[in-house]
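*Asks:* Structure file input.cif (mmCIF, C-alpha atoms) right here:
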```
data_structure
loop_
_atom_site.group_PDB
_atom_site.id
_atom_site.type_symbol
_atom_site.label_atom_id
_atom_site.label_comp_id
_atom_site.auth_asym_id
_atom_site.auth_seq_id
_atom_site.Cartn_x
_atom_site.Cartn_y
_atom_site.Cartn_z
ATOM 1 C CA MET A 13 0.000 0.000 0.000
ATOM 2 C CA THR A 14 2.778 2.402 0.892
ATOM 3 C CA SER A 15 6.518 2.394 0.782
ATOM 4 C CA ALA A 16 9.094 3.431 3.319
ATOM 5 C CA GLY A 17 10.168 7.015 3.093
ATOM 6 C CA ASP A 18 6.784 8.591 2.484
ATOM 7 C CA GLY A 19 6.197 9.100 6.176
ATOM 8 C CA THR A 20 4.291 5.926 6.980
ATOM 9 C CA GLN A 21 6.790 4.922 9.636
ATOM 10 C CA ARG A 22 6.078 8.035 11.644
ATOM 11 C CA ILE A 23 2.336 7.353 11.835
ATOM 12 C CA PRO A 24 1.606 5.588 15.134
ATOM 13 C CA LEU A 25 -0.530 2.496 15.542
ATOM 14 C CA ASP A 26 -2.786 4.043 18.184
ATOM 15 C CA PRO A 27 -3.353 7.641 17.082
ATOM 16 C CA ASP A 28 -5.635 8.418 20.028
ATOM 17 C CA VAL A 29 -2.834 8.552 22.561
ATOM 18 C CA ASP A 30 0.431 8.509 20.635
ATOM 19 C CA PHE A 31 0.925 12.054 19.400
ATOM 20 C CA GLY A 32 4.388 11.449 17.972
ATOM 21 C CA PRO A 33 8.017 11.070 19.019
ATOM 22 C CA ALA A 34 8.381 14.697 20.068
ATOM 23 C CA ASP A 35 5.905 14.616 22.937
ATOM 24 C CA ALA A 36 4.493 11.137 23.128
ATOM 25 C CA ALA A 37 2.981 9.944 26.364
ATOM 26 C CA VAL A 38 3.803 6.370 25.408
ATOM 27 C CA PRO A 39 6.873 4.922 27.160
ATOM 28 C CA GLY A 40 10.047 4.791 25.139
ATOM 29 C CA HIS A 41 9.171 7.901 23.187
ATOM 30 C CA GLY A 42 11.303 10.435 24.963
ATOM 31 C CA GLN A 43 10.223 13.022 27.484
ATOM 32 C CA ARG A 44 6.833 12.750 29.134
ATOM 33 C CA ARG A 45 4.653 15.809 28.935
ATOM 34 C CA THR A 46 4.487 18.054 31.977
ATOM 35 C CA ARG A 47 1.357 17.964 34.117
ATOM 36 C CA GLN A 48 0.266 21.386 32.830
ATOM 37 C CA ALA A 49 0.734 20.406 29.179
ATOM 38 C CA GLU A 50 -1.235 17.241 29.825
ATOM 39 C CA ALA A 51 -4.069 19.269 31.399
ATOM 40 C CA VAL A 52 -4.220 21.602 28.373
ATOM 41 C CA ILE A 53 -4.419 18.596 26.037
ATOM 42 C CA VAL A 54 -7.205 16.926 28.050
ATOM 43 C CA VAL A 55 -9.280 20.141 28.163
ATOM 44 C CA ALA A 56 -8.776 20.799 24.439
ATOM 45 C CA LEU A 57 -9.657 17.195 23.654
ATOM 46 C CA ALA A 58 -12.846 17.454 25.736
ATOM 47 C CA CYS A 59 -13.919 20.513 23.703
ATOM 48 C CA GLY A 60 -13.438 18.494 20.518
ATOM 49 C CA GLY A 61 -15.465 15.713 22.132
ATOM 50 C CA VAL A 62 -18.413 18.065 22.757
ATOM 51 C CA LEU A 63 -18.495 19.170 19.107
ATOM 52 C CA GLY A 64 -18.133 15.593 17.866
ATOM 53 C CA ALA A 65 -20.941 14.198 20.044
ATOM 54 C CA VAL A 66 -23.309 17.089 19.212
ATOM 55 C CA SER A 67 -22.574 16.767 15.458
ATOM 56 C CA ARG A 68 -23.340 13.047 15.596
ATOM 57 C CA TYR A 69 -26.574 13.707 17.491
ATOM 58 C CA ALA A 70 -27.647 16.363 14.937
ATOM 59 C CA ILE A 71 -27.060 13.906 12.074
ATOM 60 C CA SER A 72 -28.991 11.180 13.919
ATOM 61 C CA LEU A 73 -31.954 13.592 14.190
ATOM 62 C CA ALA A 74 -31.688 14.505 10.499
ATOM 63 C CA LEU A 75 -31.438 10.849 9.416
ATOM 64 C CA PRO A 76 -33.578 8.940 11.925
ATOM 65 C CA THR A 77 -33.519 5.139 11.687
ATOM 66 C CA GLU A 78 -36.895 3.468 11.398
ATOM 67 C CA ALA A 79 -37.240 0.232 13.376
ATOM 68 C CA GLY A 80 -35.938 -2.738 11.399
ATOM 69 C CA ARG A 81 -34.227 -0.586 8.743
ATOM 70 C CA PHE A 82 -30.551 -0.089 7.903
ATOM 71 C CA PRO A 83 -29.129 2.607 10.270
ATOM 72 C CA TRP A 84 -27.859 5.011 7.597
ATOM 73 C CA GLY A 85 -27.227 7.860 10.035
ATOM 74 C CA THR A 86 -24.627 5.984 12.116
ATOM 75 C CA PHE A 87 -23.204 4.387 8.969
ATOM 76 C CA LEU A 88 -22.655 7.807 7.388
ATOM 77 C CA VAL A 89 -21.123 9.189 10.600
ATOM 78 C CA ASN A 90 -18.711 6.271 11.056
ATOM 79 C CA VAL A 91 -17.577 6.139 7.422
ATOM 80 C CA SER A 92 -17.139 9.907 7.036
ATOM 81 C CA GLY A 93 -15.315 10.110 10.386
ATOM 82 C CA SER A 94 -12.971 7.280 9.385
ATOM 83 C CA ALA A 95 -12.125 8.997 6.080
ATOM 84 C CA ALA A 96 -11.544 12.288 7.887
ATOM 85 C CA LEU A 97 -9.253 10.635 10.483
ATOM 86 C CA GLY A 98 -7.117 9.010 7.767
ATOM 87 C CA PHE A 99 -6.820 12.335 5.935
ATOM 88 C CA LEU A 100 -6.140 14.341 9.102
ATOM 89 C CA LEU A 101 -3.415 12.080 10.498
ATOM 90 C CA VAL A 102 -1.399 11.984 7.272
ATOM 91 C CA LEU A 103 -1.834 15.731 6.749
ATOM 92 C CA VAL A 104 -0.815 16.712 10.297
ATOM 93 C CA ILE A 105 1.992 14.185 10.763
ATOM 94 C CA GLU A 106 3.601 14.786 7.376
ATOM 95 C CA HIS A 107 2.862 18.476 6.816
ATOM 96 C CA PHE A 108 2.432 20.034 10.263
ATOM 97 C CA PRO A 109 4.651 17.819 12.450
ATOM 98 C CA ARG A 110 5.202 20.613 14.952
ATOM 99 C CA GLY A 111 1.483 21.030 15.627
ATOM 100 C CA ARG A 112 0.509 19.915 19.145
ATOM 101 C CA LEU A 113 -3.235 20.602 19.302
ATOM 102 C CA ALA A 114 -4.632 19.475 15.942
ATOM 103 C CA ARG A 115 -4.449 15.755 16.663
ATOM 104 C CA PRO A 116 -5.842 15.714 20.229
ATOM 105 C CA VAL A 117 -8.618 18.216 19.373
ATOM 106 C CA LEU A 118 -9.629 17.085 15.879
ATOM 107 C CA GLY A 119 -8.558 13.444 15.914
ATOM 108 C CA THR A 120 -8.954 12.024 19.439
ATOM 109 C CA GLY A 121 -11.556 14.580 20.549
ATOM 110 C CA PHE A 122 -13.796 15.524 17.622
ATOM 111 C CA LEU A 123 -13.562 12.512 15.278
ATOM 112 C CA GLY A 124 -13.232 10.035 18.158
ATOM 113 C CA ALA A 125 -16.466 11.331 19.700
ATOM 114 C CA TYR A 126 -18.206 11.939 16.355
ATOM 115 C CA THR A 127 -17.815 8.285 15.365
ATOM 116 C CA THR A 128 -19.197 5.619 17.676
ATOM 117 C CA PHE A 129 -18.692 1.923 18.140
ATOM 118 C CA SER A 130 -21.284 1.372 20.875
ATOM 119 C CA THR A 131 -24.239 2.747 18.873
ATOM 120 C CA PHE A 132 -23.082 0.566 15.971
ATOM 121 C CA THR A 133 -23.052 -2.652 18.044
ATOM 122 C CA VAL A 134 -26.316 -1.896 19.885
ATOM 123 C CA GLU A 135 -28.121 -1.058 16.603
ATOM 124 C CA ALA A 136 -26.915 -4.346 15.107
ATOM 125 C CA ILE A 137 -28.192 -6.309 18.132
ATOM 126 C CA ASP A 138 -31.509 -4.412 17.950
ATOM 127 C CA LEU A 139 -31.893 -5.497 14.311
ATOM 128 C CA VAL A 140 -31.213 -9.141 15.222
ATOM 129 C CA ARG A 141 -33.713 -9.006 18.098
ATOM 130 C CA ALA A 142 -36.369 -7.539 15.795
ATOM 131 C CA GLY A 143 -35.877 -10.452 13.389
ATOM 132 C CA HIS A 144 -33.855 -8.600 10.746
ATOM 133 C CA ALA A 145 -30.676 -10.684 10.916
ATOM 134 C CA GLY A 146 -29.931 -10.101 7.213
ATOM 135 C CA THR A 147 -30.002 -6.323 7.638
ATOM 136 C CA ALA A 148 -27.839 -6.683 10.781
ATOM 137 C CA ILE A 149 -25.203 -8.681 8.899
ATOM 138 C CA ALA A 150 -25.226 -6.195 6.014
ATOM 139 C CA TYR A 151 -24.913 -3.323 8.513
ATOM 140 C CA VAL A 152 -21.983 -4.867 10.419
ATOM 141 C CA ALA A 153 -20.063 -6.075 7.353
ATOM 142 C CA GLY A 154 -20.841 -2.917 5.395
ATOM 143 C CA SER A 155 -19.754 -0.574 8.210
ATOM 144 C CA VAL A 156 -16.480 -2.420 8.831
ATOM 145 C CA PHE A 157 -15.579 -2.712 5.149
ATOM 146 C CA ALA A 158 -16.565 0.875 4.309
ATOM 147 C CA GLY A 159 -14.754 2.144 7.424
ATOM 148 C CA LEU A 160 -11.473 0.466 6.473
ATOM 149 C CA LEU A 161 -11.799 1.627 2.856
ATOM 150 C CA ALA A 162 -12.584 5.163 4.056
ATOM 151 C CA VAL A 163 -9.434 5.332 6.236
ATOM 152 C CA TRP A 164 -7.340 4.107 3.323
ATOM 153 C CA ALA A 165 -8.971 6.568 0.897
ATOM 154 C CA GLY A 166 -8.503 9.427 3.373
ATOM 155 C CA MET A 167 -4.796 8.634 3.857
ATOM 156 C CA ARG A 168 -4.305 8.190 0.114
ATOM 157 C CA SER A 169 -6.050 11.492 -0.679
ATOM 158 C CA ALA A 170 -3.891 13.346 1.826
ATOM 159 C CA ARG A 171 -0.710 11.867 0.336
ATOM 160 C CA ILE A 172 -1.799 12.819 -3.197
ATOM 161 C CA ALA A 173 -2.695 16.330 -2.019
ATOM 162 C CA LEU A 174 0.691 16.724 -0.287
ATOM 163 C CA ARG A 175 2.509 15.487 -3.388
ATOM 164 C CA ALA A 176 0.576 17.979 -5.543
ATOM 165 C CA GLU A 177 1.441 20.724 -3.059
ATOM 166 C CA ARG A 178 5.158 19.903 -3.207
ATOM 167 C CA TRP A 179 5.068 19.700 -7.004
ATOM 168 C CA LEU A 180 3.330 23.066 -7.267
ATOM 169 C CA GLN A 181 5.855 24.659 -4.892
ATOM 170 C CA GLU A 182 8.731 23.431 -7.032
ATOM 171 C CA ALA A 183 7.036 24.315 -10.331
ATOM 172 C CA THR A 184 5.926 27.821 -9.481
ATOM 173 C CA MET B 2 -36.849 19.729 25.282
ATOM 174 C CA THR B 3 -34.612 19.542 22.227
ATOM 175 C CA LEU B 4 -32.195 22.021 23.800
ATOM 176 C CA SER B 5 -31.920 19.992 27.000
ATOM 177 C CA LEU B 6 -31.229 16.855 24.917
ATOM 178 C CA PHE B 7 -28.464 18.667 22.987
ATOM 179 C CA LEU B 8 -26.996 19.916 26.282
ATOM 180 C CA ALA B 9 -27.109 16.401 27.712
ATOM 181 C CA VAL B 10 -25.283 15.012 24.648
ATOM 182 C CA ALA B 11 -22.705 17.824 24.904
ATOM 183 C CA VAL B 12 -21.972 17.094 28.575
ATOM 184 C CA GLY B 13 -21.704 13.372 27.799
ATOM 185 C CA GLY B 14 -19.224 14.133 25.000
ATOM 186 C CA LEU B 15 -17.271 16.462 27.285
ATOM 187 C CA VAL B 16 -16.640 13.553 29.683
ATOM 188 C CA GLY B 17 -16.616 10.641 27.201
ATOM 189 C CA ALA B 18 -13.794 11.780 24.910
ATOM 190 C CA PRO B 19 -11.212 12.495 27.659
ATOM 191 C CA SER B 20 -12.246 9.263 29.441
ATOM 192 C CA ARG B 21 -11.290 7.337 26.292
ATOM 193 C CA TYR B 22 -7.996 9.204 26.041
ATOM 194 C CA LEU B 23 -7.015 8.631 29.679
ATOM 195 C CA LEU B 24 -8.036 4.956 29.749
ATOM 196 C CA ASP B 25 -6.450 4.223 26.360
ATOM 197 C CA ARG B 26 -3.222 5.806 27.549
ATOM 198 C CA ALA B 27 -3.253 3.840 30.796
ATOM 199 C CA ILE B 28 -3.760 0.564 28.898
ATOM 200 C CA SER B 29 -1.246 1.350 26.129
ATOM 201 C CA GLY B 30 1.345 2.238 28.729
ATOM 202 C CA ARG B 31 0.927 -1.114 30.483
ATOM 203 C CA THR B 32 0.748 -3.471 27.507
ATOM 204 C CA GLN B 33 3.810 -3.976 25.364
ATOM 205 C CA THR B 34 1.944 -5.826 22.636
ATOM 206 C CA ASN B 35 1.458 -5.458 18.930
ATOM 207 C CA ARG B 36 -2.286 -5.002 19.090
ATOM 208 C CA PRO B 37 -4.315 -1.874 19.965
ATOM 209 C CA TRP B 38 -5.828 -3.239 23.202
ATOM 210 C CA GLY B 39 -6.779 0.186 24.543
ATOM 211 C CA THR B 40 -9.379 0.850 21.845
ATOM 212 C CA PHE B 41 -10.549 -2.775 22.095
ATOM 213 C CA VAL B 42 -11.283 -2.505 25.837
ATOM 214 C CA ILE B 43 -12.965 0.894 25.367
ATOM 215 C CA ASN B 44 -15.290 -0.309 22.605
ATOM 216 C CA LEU B 45 -16.121 -3.469 24.571
ATOM 217 C CA THR B 46 -17.009 -1.669 27.821
ATOM 218 C CA GLY B 47 -18.851 1.117 25.959
ATOM 219 C CA SER B 48 -20.963 -1.413 24.026
ATOM 220 C CA LEU B 49 -21.828 -3.216 27.271
ATOM 221 C CA LEU B 50 -22.844 0.047 28.954
ATOM 222 C CA LEU B 51 -24.875 1.343 25.988
ATOM 223 C CA GLY B 52 -26.655 -2.026 25.704
ATOM 224 C CA PHE B 53 -27.527 -1.773 29.397
ATOM 225 C CA LEU B 54 -28.741 1.834 29.065
ATOM 226 C CA THR B 55 -30.843 0.942 26.012
ATOM 227 C CA GLY B 56 -32.445 -1.910 27.970
ATOM 228 C CA THR B 57 -33.228 0.294 30.969
ATOM 229 C CA THR B 58 -34.690 2.960 28.647
ATOM 230 C CA MET B 59 -36.966 0.313 27.105
ATOM 231 C CA THR B 60 -38.235 -0.725 30.537
ATOM 232 C CA GLY B 61 -38.838 2.920 31.459
ATOM 233 C CA HIS B 62 -36.116 3.170 34.111
ATOM 234 C CA LEU B 63 -34.095 5.811 32.257
ATOM 235 C CA SER B 64 -35.476 9.108 30.968
ATOM 236 C CA GLU B 65 -34.874 10.520 27.473
ATOM 237 C CA VAL B 66 -32.463 13.102 28.882
ATOM 238 C CA GLY B 67 -30.636 10.406 30.850
ATOM 239 C CA LYS B 68 -30.284 8.309 27.697
ATOM 240 C CA ALA B 69 -28.970 11.360 25.773
ATOM 241 C CA LEU B 70 -26.434 12.162 28.522
ATOM 242 C CA LEU B 71 -25.111 8.663 29.272
ATOM 243 C CA GLY B 72 -25.879 6.868 26.001
ATOM 244 C CA THR B 73 -25.661 9.188 22.988
ATOM 245 C CA GLY B 74 -23.284 11.595 24.728
ATOM 246 C CA PHE B 75 -20.988 9.584 26.975
ATOM 247 C CA CYS B 76 -20.976 6.091 25.395
ATOM 248 C CA GLY B 77 -21.049 7.542 21.877
ATOM 249 C CA ALA B 78 -18.026 9.757 22.521
ATOM 250 C CA TYR B 79 -16.204 7.232 24.729
ATOM 251 C CA THR B 80 -16.298 4.528 22.038
ATOM 252 C CA THR B 81 -14.850 5.226 18.620
ATOM 253 C CA PHE B 82 -15.219 3.722 15.197
ATOM 254 C CA SER B 83 -12.671 5.902 13.402
ATOM 255 C CA THR B 84 -9.740 4.922 15.647
ATOM 256 C CA PHE B 85 -10.753 1.248 15.360
ATOM 257 C CA SER B 86 -10.765 1.489 11.537
ATOM 258 C CA PHE B 87 -7.547 3.462 11.488
ATOM 259 C CA GLU B 88 -5.658 1.012 13.700
ATOM 260 C CA SER B 89 -6.795 -1.904 11.549
ATOM 261 C CA VAL B 90 -5.614 -0.170 8.366
ATOM 262 C CA ARG B 91 -2.262 0.653 10.021
ATOM 263 C CA LEU B 92 -1.786 -3.040 10.883
ATOM 264 C CA LEU B 93 -2.599 -3.921 7.253
ATOM 265 C CA GLU B 94 -0.132 -1.305 6.007
ATOM 266 C CA ASP B 95 2.552 -2.921 8.156
ATOM 267 C CA GLY B 96 1.761 -6.231 6.469
ATOM 268 C CA ARG B 97 0.410 -7.679 9.743
ATOM 269 C CA ILE B 98 -2.637 -9.203 8.136
ATOM 270 C CA VAL B 99 -3.305 -11.725 10.937
ATOM 271 C CA ASP B 100 -3.167 -8.989 13.607
ATOM 272 C CA ALA B 101 -5.420 -6.760 11.495
ATOM 273 C CA ALA B 102 -7.982 -9.505 10.880
ATOM 274 C CA GLY B 103 -7.812 -10.518 14.555
ATOM 275 C CA ASN B 104 -8.407 -6.925 15.635
ATOM 276 C CA VAL B 105 -11.413 -6.500 13.315
ATOM 277 C CA VAL B 106 -13.046 -9.865 14.049
ATOM 278 C CA MET B 107 -12.457 -9.729 17.814
ATOM 279 C CA SER B 108 -13.523 -6.095 18.210
ATOM 280 C CA VAL B 109 -16.754 -6.686 16.288
ATOM 281 C CA ALA B 110 -17.593 -10.098 17.801
ATOM 282 C CA VAL B 111 -16.816 -9.087 21.387
ATOM 283 C CA GLY B 112 -18.487 -5.686 20.896
ATOM 284 C CA LEU B 113 -21.697 -7.330 19.645
ATOM 285 C CA ALA B 114 -21.640 -9.879 22.470
ATOM 286 C CA ALA B 115 -21.114 -7.099 25.023
ATOM 287 C CA ALA B 116 -23.990 -5.059 23.558
ATOM 288 C CA ALA B 117 -26.289 -8.117 23.656
ATOM 289 C CA ALA B 118 -25.277 -8.916 27.236
ATOM 290 C CA GLY B 119 -25.761 -5.308 28.340
ATOM 291 C CA LEU B 120 -29.179 -5.174 26.698
ATOM 292 C CA ALA B 121 -30.245 -8.422 28.389
ATOM 293 C CA ILE B 122 -29.116 -7.135 31.809
ATOM 294 C CA GLY B 123 -30.818 -3.778 31.198
ATOM 295 C CA LEU B 124 -34.111 -5.407 30.206
ATOM 296 C CA ALA B 125 -33.987 -7.652 33.291
ATOM 297 C CA THR B 126 -33.503 -4.788 35.752
#
```
For this file, produce the structure as structure tokens.
*Replies:*
Amino acid sequence: MTSAGDGTQRIPLDPDVDFGPADAAVPGHGQRRTRQAEAVIVVALACGGVLGAVSRYAISLALPTEAGRFPWGTFLVNVSGSAALGFLLVLVIEHFPRGRLARPVLGTGFLGAYTTFSTFTVEAIDLVRAGHAGTAIAYVAGSVFAGLLAVWAGMRSARIALRAERWLQEAT
Amino acid sequence: MTLSLFLAVAVGGLVGAPSRYLLDRAISGRTQTNRPWGTFVINLTGSLLLGFLTGTTMTGHLSEVGKALLGTGFCGAYTTFSTFSFESVRLLEDGRIVDAAGNVVMSVAVGLAAAAAGLAIGLAT
């Protein structure tokens, strides 16, 4: 999918807590953040969480799921949030590596709270209980497949955009 | 009524997102493994709790505002689908296909089982 040297190595496995070698809270990644810096990150992340949860709720009101039907609202939220997270992480890590707030606020806070795993699993169980096992299977498989594809597409788009940016800077 | 529901969701999100961050960090710091266990534990416990809350709402033990605060707000923001998808794609990118498949299958299977268990407990209380 990717080759070494295009920045993949610097993208952590768990993007929710590992904000990069410069300030990572994960052991073995250099200096731990100070208590004050940690407090600022948690507060900023909570603000992102408020916006993410409220955005998800607004979409769920706009696209209400009828009993026994495919939950398109949550599907749309989870797939769009996955694409956005893939795009954001590549963009920030490869283009704004010195940024300290973008990932906790937009990634862990906003997109983490905007997308939801618990609503997804409970909706699937609700469908099974109501006798719509086929819809439940389509919902689970479709969400997982589309979510993975969305992350990949988001990362790919960001890399193409960054390459175009570099090319334009050299050409003009 | 709508405003109080939005406020309830906002407060739930305010607590849910940092709870995920702090718990994920505590778990990641303790496990030296090649799998994203933090997100796994978060999505499992959040599915269990939301299943329970949904059950208690059905039996009339939890109000609409309570469901918005604890369910849509807290559980929704505490659990995450985007990080789960991202971590699975990162494992695939590293060529760790077995780890990636294990993460997807286990997260989904255990998450569904937790949601079903929570719902059953909630309906029984």
*Asks:* If the PyMOL selection byres ((chain A and resi 166) around 12) were run on this exact file, what residues would it hold? Put them as an NGL selection string.
*Replies:* (:A and (91-103 or 158-165 or 167-173)) or (:B and (83 or 86-87 or 90))
*Asks:* To verify the selection step, state as an mmCIF file with C-alpha atoms, keeping the file's coordinate frame which residues the PyMOL selection byres ((chain A and resi 130) around 9) yields on this input.
*Replies:*
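Generated output (selection.cif):
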```
data_model
loop_
_atom_site.group_PDB
_atom_site.id
_atom_site.type_symbol
_atom_site.label_atom_id
_atom_site.label_comp_id
_atom_site.auth_asym_id
_atom_site.auth_seq_id
_atom_site.Cartn_x
_atom_site.Cartn_y
_atom_site.Cartn_z
ATOM 1 C CA THR A 128 -19.197 5.619 17.676
ATOM 2 C CA PHE A 129 -18.692 1.923 18.140
ATOM 3 C CA THR A 131 -24.239 2.747 18.873
ATOM 4 C CA PHE A 132 -23.082 0.566 15.971
ATOM 5 C CA THR A 133 -23.052 -2.652 18.044
ATOM 6 C CA VAL A 134 -26.316 -1.896 19.885
ATOM 7 C CA GLU A 135 -28.121 -1.058 16.603
ATOM 8 C CA ASN B 44 -15.290 -0.309 22.605
ATOM 9 C CA LEU B 45 -16.121 -3.469 24.571
ATOM 10 C CA THR B 46 -17.009 -1.669 27.821
ATOM 11 C CA GLY B 47 -18.851 1.117 25.959
ATOM 12 C CA SER B 48 -20.963 -1.413 24.026
ATOM 13 C CA LEU B 49 -21.828 -3.216 27.271
ATOM 14 C CA LEU B 50 -22.844 0.047 28.954
ATOM 15 C CA LEU B 51 -24.875 1.343 25.988
ATOM 16 C CA GLY B 52 -26.655 -2.026 25.704
ATOM 17 C CA GLY B 72 -25.879 6.868 26.001
ATOM 18 C CA CYS B 76 -20.976 6.091 25.395
ATOM 19 C CA GLY B 77 -21.049 7.542 21.877
ATOM 20 C CA TYR B 79 -16.204 7.232 24.729
ATOM 21 C CA THR B 80 -16.298 4.528 22.038
ATOM 22 C CA THR B 81 -14.850 5.226 18.620
ATOM 23 C CA PHE B 82 -15.219 3.722 15.197
ATOM 24 C CA GLY B 112 -18.487 -5.686 20.896
ATOM 25 C CA LEU B 113 -21.697 -7.330 19.645
ATOM 26 C CA ALA B 116 -23.990 -5.059 23.558
#
```
*Asks:* Using only C-alpha atoms, which of A:Arg175, A:His107, A:Arg115, A:Arg141 sits nearest Tyr22 (chain B)?
*Replies:*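 Of all the options, A:Arg115 lies closest to Tyr22 (chain B).
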*Asks:* By how many Å are CA of Leu120 (chain B) and CA of Thr55 (chain B) apart?
*Replies:*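 Spanning CA of Leu120 (chain B) to CA of Thr55 (chain B) is a straight-line distance of 6.4 Å.
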*Asks:* Can you measure CA of Leu123 (chain A) to CA of Gly14 (chain B) for me? One decimal in Å is fine.
*Replies:* 11.4 Å
*Asks:* Could you check how far CA of Val66 (chain A) sits from CA of Ala11 (chain B), in Å to one decimal?
*Replies:*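 It comes out at 5.8 Å.
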*Asks:* Which neighbours of region 35-37 of chain B fall inside 8 Å, counting all atoms listed in the file, when residues of the same chain fewer than 4 positions from it are skipped, and could you give them as a list in words?
*Replies:*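 Counting all atoms listed in the file, the residues come to Leu25 and Asp26 of chain A; Ser29, Phe41, Glu88, Asp100 and Asn104 of chain B.
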*Asks:* Would you kindly translate the PyMOL selection byres ((chain A and resi 125) around 6) into the concrete residues it picks from this file, as a ChimeraX atom specification?
*Replies:* /A:61,64-65,121-124,126-127 /B:18,78
*Asks:* Which residue gives the smallest distance to Thr84 (chain B) among B:Ile43, B:Met59, B:Ala121, B:Ala27, with only C-alpha atoms counted?
*Replies:*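 Of B:Ile43, B:Met59, B:Ala121, B:Ala27, the one nearest Thr84 (chain B), counting only C-alpha atoms, is B:Ile43.
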*Asks:* Rank B:Gly56, B:Gly123, B:Gly67, B:Pro19 by their smallest atom-to-atom distance to chain A, using only C-alpha atoms, and report the top residue only.
*Replies:*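 For chain A, the nearest of the given residues is B:Pro19.
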*Asks:* Counting all atoms listed in the file, what is within 8 Å of Ala56 (chain A), bar same-chain residues fewer than 2 positions away, as an mmCIF file with C-alpha atoms, in the coordinates of the input?
*Replies:*
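And here is the file that came out, part06.cif:
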```
data_model
loop_
_atom_site.group_PDB
_atom_site.id
_atom_site.type_symbol
_atom_site.label_atom_id
_atom_site.label_comp_id
_atom_site.auth_asym_id
_atom_site.auth_seq_id
_atom_site.Cartn_x
_atom_site.Cartn_y
_atom_site.Cartn_z
ATOM 1 C CA VAL A 52 -4.220 21.602 28.373
ATOM 2 C CA ILE A 53 -4.419 18.596 26.037
ATOM 3 C CA VAL A 54 -7.205 16.926 28.050
ATOM 4 C CA ALA A 58 -12.846 17.454 25.736
ATOM 5 C CA CYS A 59 -13.919 20.513 23.703
ATOM 6 C CA GLY A 60 -13.438 18.494 20.518
ATOM 7 C CA LEU A 113 -3.235 20.602 19.302
ATOM 8 C CA PRO A 116 -5.842 15.714 20.229
ATOM 9 C CA VAL A 117 -8.618 18.216 19.373
ATOM 10 C CA GLY A 121 -11.556 14.580 20.549
#
```
*Asks:* Check the smallest atom-to-atom distance from each of A:Gly146, A:Gly119, A:Gly85, A:Pro76 to chain B using all atoms listed in the file, then report the winner.
*Replies:*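 Selected residue with least distance to chain B: A:Gly119.
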*Asks:* Which one is closest to Ala114 (chain A): A:Val62, A:Ala183, A:Leu57, A:Leu174? Count only C-alpha atoms.
*Replies:*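 Smallest distance to Ala114 (chain A) is found for A:Leu57.
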*Asks:* Find, counting all atoms listed in the file, the residue in A:Leu180, A:Ala51, A:Ala153, A:Ile137 that gets nearest to chain B.
*Replies:*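 Closest residue, counting all atoms listed in the file: A:Ile137.
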*Asks:* May I have the residues at most 7 Å from (-34.3, -1.9, 10.8) in the file's coordinates, counting all atoms listed in the file, as a list of chain:residue names?
*Replies:*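 Here the neighbourhood of the point contains A:Glu78, A:Ala79, A:Gly80, A:Arg81, A:Phe82, A:Pro83, A:Leu139, A:His144, A:Thr147.
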